[in-house]
Amino acid sequence: RGCPSACICTSDVLSCSRQTLQRVPRALPPTAATLDLSHNAVSLLPDGWLAAVPLLQALHLGHNHIGELSPRAFLNASRLRHLDLSSNRLRAVEAHYFQALESLEELLLYNNRIARVDADAFAKLGALRKLYLSWNNLTSFPFGAVRALGGHGLRTLDLSSNSLGSLPVEELAALPEPLRNGLYLHNNPVRCSCPLFLLLRRWKQRGFSSVRDFFEEHTCRVADAAPRSLVKLLHYSHTFENCSGGPEPPHPVPFPATVGRALLLACNASAPAAAYVWISPHHEPIGHPGTANRSLEVFRNGSLRIAAARPWHSGVYVCLAISGHRNFSRLCEVNVTVQYPKPDGETFSTGLTTLLGCIASLLLVLLYLYVPPCRCARPAPASPPQECSAQSSILSTTPPATDAPSRRASKHVAFLEPVGEARDGTARPASGMDGPDAKHPKVLQLRSDTESISSVFSDTPIVS
């Protein structure tokens, strides 16, 4: 329903490619999610022309004659995620071109005639992931304007094959790492310089795709008077052997802090600058006087004050000094770590407590293995058998040592029944001790003579 003539319509795709169309179709099917108008002669996009396709997600307008866009050209395309405007006749990217495309993830603008990009052209594109601007006439680009997009999700920025004569090295170094990995700058006549060479060499060492995949295509211009005096910057690195990178950039200065405390971060500047900008760990630029709610303040001397530290304030803060138009220089990096205060009673760290516990356990094990257990002292020869506790009596086959060679009396241990009382109240002896005629004595006799030593039960009473 509503399929234009000379177009092909399916359930959610409308293709009008290569139909020599000079204007966009008036009737569009409302179910279309993909609209292909590429390889035609369209030069104008009417205001609100996409109101009929509210479900549109992909729009292909490549290889047409579009020279500019009206402020309301994409007014009704809030769900659009992919926009292809490549190979057209655009001469600039104005701030109002893509403001309505809040869901846009991929924007193709390569192979146009773009010589200028407004600093706010992509400010409203919070969902943007890939931006292609190669094969245009750009001589400069607002890198500071896309820094915030890099923190939100911008991963690919293709500026290759343009007319960039110089690059702000400090601004490039301050971009988020995922964006630097996908920042393509090859095939540009940039002026050769040691900072640029050292920057690209560092990116190569870190394996960034932007340098690794186009190693041979990174060129620079040796002489301004000879525009064609281009040399492969990374391939012939011996040309820049006099460039000294010096020591690696120092690690950020650690700055421990406690939750709720106020922090003051100093910007190490040898000479006053025109202005100072701090880059927060969330990749947000903070200039004087600070944020709107004054939770972060930047003073005239470049110091950054955090009113009340919170855990989300942790991270690396970068101080940049601005001495002129787009002339940034990095002054310092501070690594803030915000932690909760420790309880007052906590005197030992967890690691020290664990170590002491392990040492104590090891000592107990060694004592158990190498220190002999406590034994009863052997009784003296003249001591009676009763001196040794009956509860810890040990029957040993080794006879006690004695100095008297004529000693023949054996050591006898008798297990006696408790003394009871007779029915008339008088004490009676225990069983087995009634005398020589006792019939059931229970006596354990130990012999320690020249014969074998054994334990026996005998009916013969003990003769002392």
# chains A, B, ... in the order shown; residues from 1 in each chain; ligands from 1
call {"tool": "closest_atom_pairs", "arguments": {"of": "segment 23-48 of chain A", "to": "segment 83-103 of chain A", "cutoff": "12 Å", "atoms": "only C-alpha atoms", "output": "CSV"}}
result
residue,atom,partner,partner_atom,distance
A:Thr34,CA,A:Leu83,CA,10.3
A:Leu35,CA,A:Leu83,CA,10.0
A:Asp36,CA,A:Asp84,CA,9.5
A:Leu37,CA,A:Asp84,CA,9.9
A:Ser38,CA,A:Asp84,CA,8.7
A:His39,CA,A:Ser87,CA,9.3
A:Asn40,CA,A:Asn88,CA,10.4
A:Ala41,CA,A:Asn88,CA,9.7
A:Val42,CA,A:Asn88,CA,9.5
A:Ser43,CA,A:Arg89,CA,8.8
A:Leu44,CA,A:Arg89,CA,11.1
A:Leu45,CA,A:Tyr97,CA,11.6
A:Asp47,CA,A:Tyr97,CA,11.9
A:Gly48,CA,A:Ala100,CA,11.3
call {"tool": "residues_around", "arguments": {"residues": "segment 143-158 of chain A", "least_positions_apart": "2", "cutoff": "10 Å", "atoms": "only C-alpha atoms", "output": "PyMOL selection string"}}
result
chain A and resi 105-106+108-110+118-135+140-141+160-162+167-168+171-172+174-186+210+279+281-285+326
call {"tool": "select_by_dssp", "arguments": {"residues": "segment 57-279 of chain A", "states": "helix (DSSP H, G or I)", "output": "MDAnalysis selection string"}}
result
chainID A and resid 143:152 169:173 177:181 194:205 209:212 237:240
call {"tool": "write_last_selection", "arguments": {"atoms": "C-alpha atoms", "output": "CSV table (one decimal), in the first residue's frame"}}
result
chain,number,residue,atom,x,y,z
A,143,PHE,CA,38.3,17.9,18.0
A,144,GLY,CA,37.2,19.4,21.3
A,145,ALA,CA,33.6,19.2,20.2
A,146,VAL,CA,33.7,15.4,19.7
A,147,ARG,CA,35.6,14.7,23.0
A,148,ALA,CA,32.3,14.4,24.9
A,149,LEU,CA,30.9,12.1,22.2
A,150,GLY,CA,33.9,9.8,22.7
A,151,GLY,CA,33.0,9.4,26.3
A,152,HIS,CA,29.4,8.5,25.4
A,169,VAL,CA,48.6,17.1,19.1
A,170,GLU,CA,47.6,18.0,22.7
A,171,GLU,CA,43.9,17.8,21.9
A,172,LEU,CA,44.4,14.5,20.2
A,173,ALA,CA,46.3,13.0,23.1
A,177,GLU,CA,41.3,6.0,24.2
A,178,PRO,CA,38.5,4.1,22.3
A,179,LEU,CA,38.2,7.2,20.1
A,180,ARG,CA,41.9,7.5,19.5
A,181,ASN,CA,41.9,3.8,18.5
A,194,CYS,CA,58.3,15.9,16.2
A,195,PRO,CA,55.2,16.0,18.4
A,196,LEU,CA,53.1,14.5,15.7
A,197,PHE,CA,55.7,11.8,15.0
A,198,LEU,CA,56.0,10.8,18.6
A,199,LEU,CA,52.2,10.8,19.0
A,200,LEU,CA,51.7,8.4,16.0
A,201,ARG,CA,54.6,6.3,17.1
A,202,ARG,CA,53.0,5.9,20.6
A,203,TRP,CA,49.7,4.9,19.0
A,204,LYS,CA,51.5,2.3,16.8
A,205,GLN,CA,53.2,0.8,19.9
A,209,SER,CA,43.8,0.3,14.5
A,210,SER,CA,44.0,3.8,13.1
A,211,VAL,CA,47.8,3.5,12.7
A,212,ARG,CA,48.2,-0.2,12.4
A,237,SER,CA,61.2,7.0,10.9
A,238,HIS,CA,64.9,7.5,10.6
A,239,THR,CA,64.1,10.9,9.1
A,240,PHE,CA,62.9,11.9,12.6
call {"tool": "atom_distance", "arguments": {"atom1": "atom CA of Ala275 of chain A", "atom2": "atom CA of His288 of chain A"}}
result
7.9 Å
call {"tool": "residues_around", "arguments": {"residues": "Val53 of chain A", "least_positions_apart": "3", "cutoff": "7 Å", "atoms": "only C-alpha atoms", "output": "ChimeraX atom specification"}}
result
/A:28-32,50,56
call {"tool": "write_last_selection", "arguments": {"atoms": "all heavy atoms", "output": "mmCIF file, in the first residue's frame"}}
result
data_model
loop_
_atom_site.group_PDB
_atom_site.id
_atom_site.type_symbol
_atom_site.label_atom_id
_atom_site.label_comp_id
_atom_site.auth_asym_id
_atom_site.auth_seq_id
_atom_site.Cartn_x
_atom_site.Cartn_y
_atom_site.Cartn_z
ATOM 1 N N LEU A 28 4.870 7.402 0.611
ATOM 2 C CA LEU A 28 5.777 6.417 1.181
ATOM 3 C C LEU A 28 4.985 5.449 2.051
ATOM 4 O O LEU A 28 4.094 5.872 2.799
ATOM 5 C CB LEU A 28 6.858 7.110 2.024
ATOM 6 C CG LEU A 28 7.785 8.076 1.275
ATOM 7 C CD1 LEU A 28 8.693 8.783 2.273
ATOM 8 C CD2 LEU A 28 8.602 7.339 0.236
ATOM 9 N N PRO A 29 5.288 4.147 1.986
ATOM 10 C CA PRO A 29 4.556 3.178 2.817
ATOM 11 C C PRO A 29 4.881 3.385 4.292
ATOM 12 O O PRO A 29 6.060 3.522 4.666
ATOM 13 C CB PRO A 29 5.066 1.831 2.309
ATOM 14 C CG PRO A 29 6.373 2.121 1.686
ATOM 15 C CD PRO A 29 6.280 3.490 1.124
ATOM 16 N N PRO A 30 3.894 3.414 5.164
ATOM 17 C CA PRO A 30 4.149 3.706 6.591
ATOM 18 C C PRO A 30 4.922 2.604 7.307
ATOM 19 O O PRO A 30 5.454 2.841 8.391
ATOM 20 C CB PRO A 30 2.741 3.872 7.172
ATOM 21 C CG PRO A 30 1.853 3.105 6.251
ATOM 22 C CD PRO A 30 2.443 3.214 4.893
ATOM 23 N N THR A 31 4.990 1.400 6.722
ATOM 24 C CA THR A 31 5.687 0.302 7.392
ATOM 25 C C THR A 31 7.167 0.253 7.058
ATOM 26 O O THR A 31 7.890 -0.613 7.562
ATOM 27 C CB THR A 31 5.047 -1.034 6.998
ATOM 28 O OG1 THR A 31 5.124 -1.205 5.582
ATOM 29 C CG2 THR A 31 3.586 -1.081 7.443
ATOM 30 N N ALA A 32 7.651 1.153 6.233
ATOM 31 C CA ALA A 32 9.047 1.092 5.777
ATOM 32 C C ALA A 32 10.001 1.395 6.930
ATOM 33 O O ALA A 32 9.875 2.408 7.618
ATOM 34 C CB ALA A 32 9.276 2.073 4.640
ATOM 35 N N LEU A 50 9.574 12.961 5.930
ATOM 36 C CA LEU A 50 9.633 11.622 6.524
ATOM 37 C C LEU A 50 8.524 11.381 7.545
ATOM 38 O O LEU A 50 8.558 10.366 8.251
ATOM 39 C CB LEU A 50 10.992 11.412 7.198
ATOM 40 C CG LEU A 50 12.206 11.402 6.255
ATOM 41 C CD1 LEU A 50 13.486 11.284 7.058
ATOM 42 C CD2 LEU A 50 12.092 10.269 5.243
ATOM 43 N N LEU A 56 11.009 4.457 10.340
ATOM 44 C CA LEU A 56 12.231 4.446 9.541
ATOM 45 C C LEU A 56 13.482 4.397 10.427
ATOM 46 O O LEU A 56 13.629 5.186 11.355
ATOM 47 C CB LEU A 56 12.275 5.694 8.658
ATOM 48 C CG LEU A 56 13.394 5.735 7.613
ATOM 49 C CD1 LEU A 56 13.211 4.626 6.582
ATOM 50 C CD2 LEU A 56 13.448 7.101 6.930
#
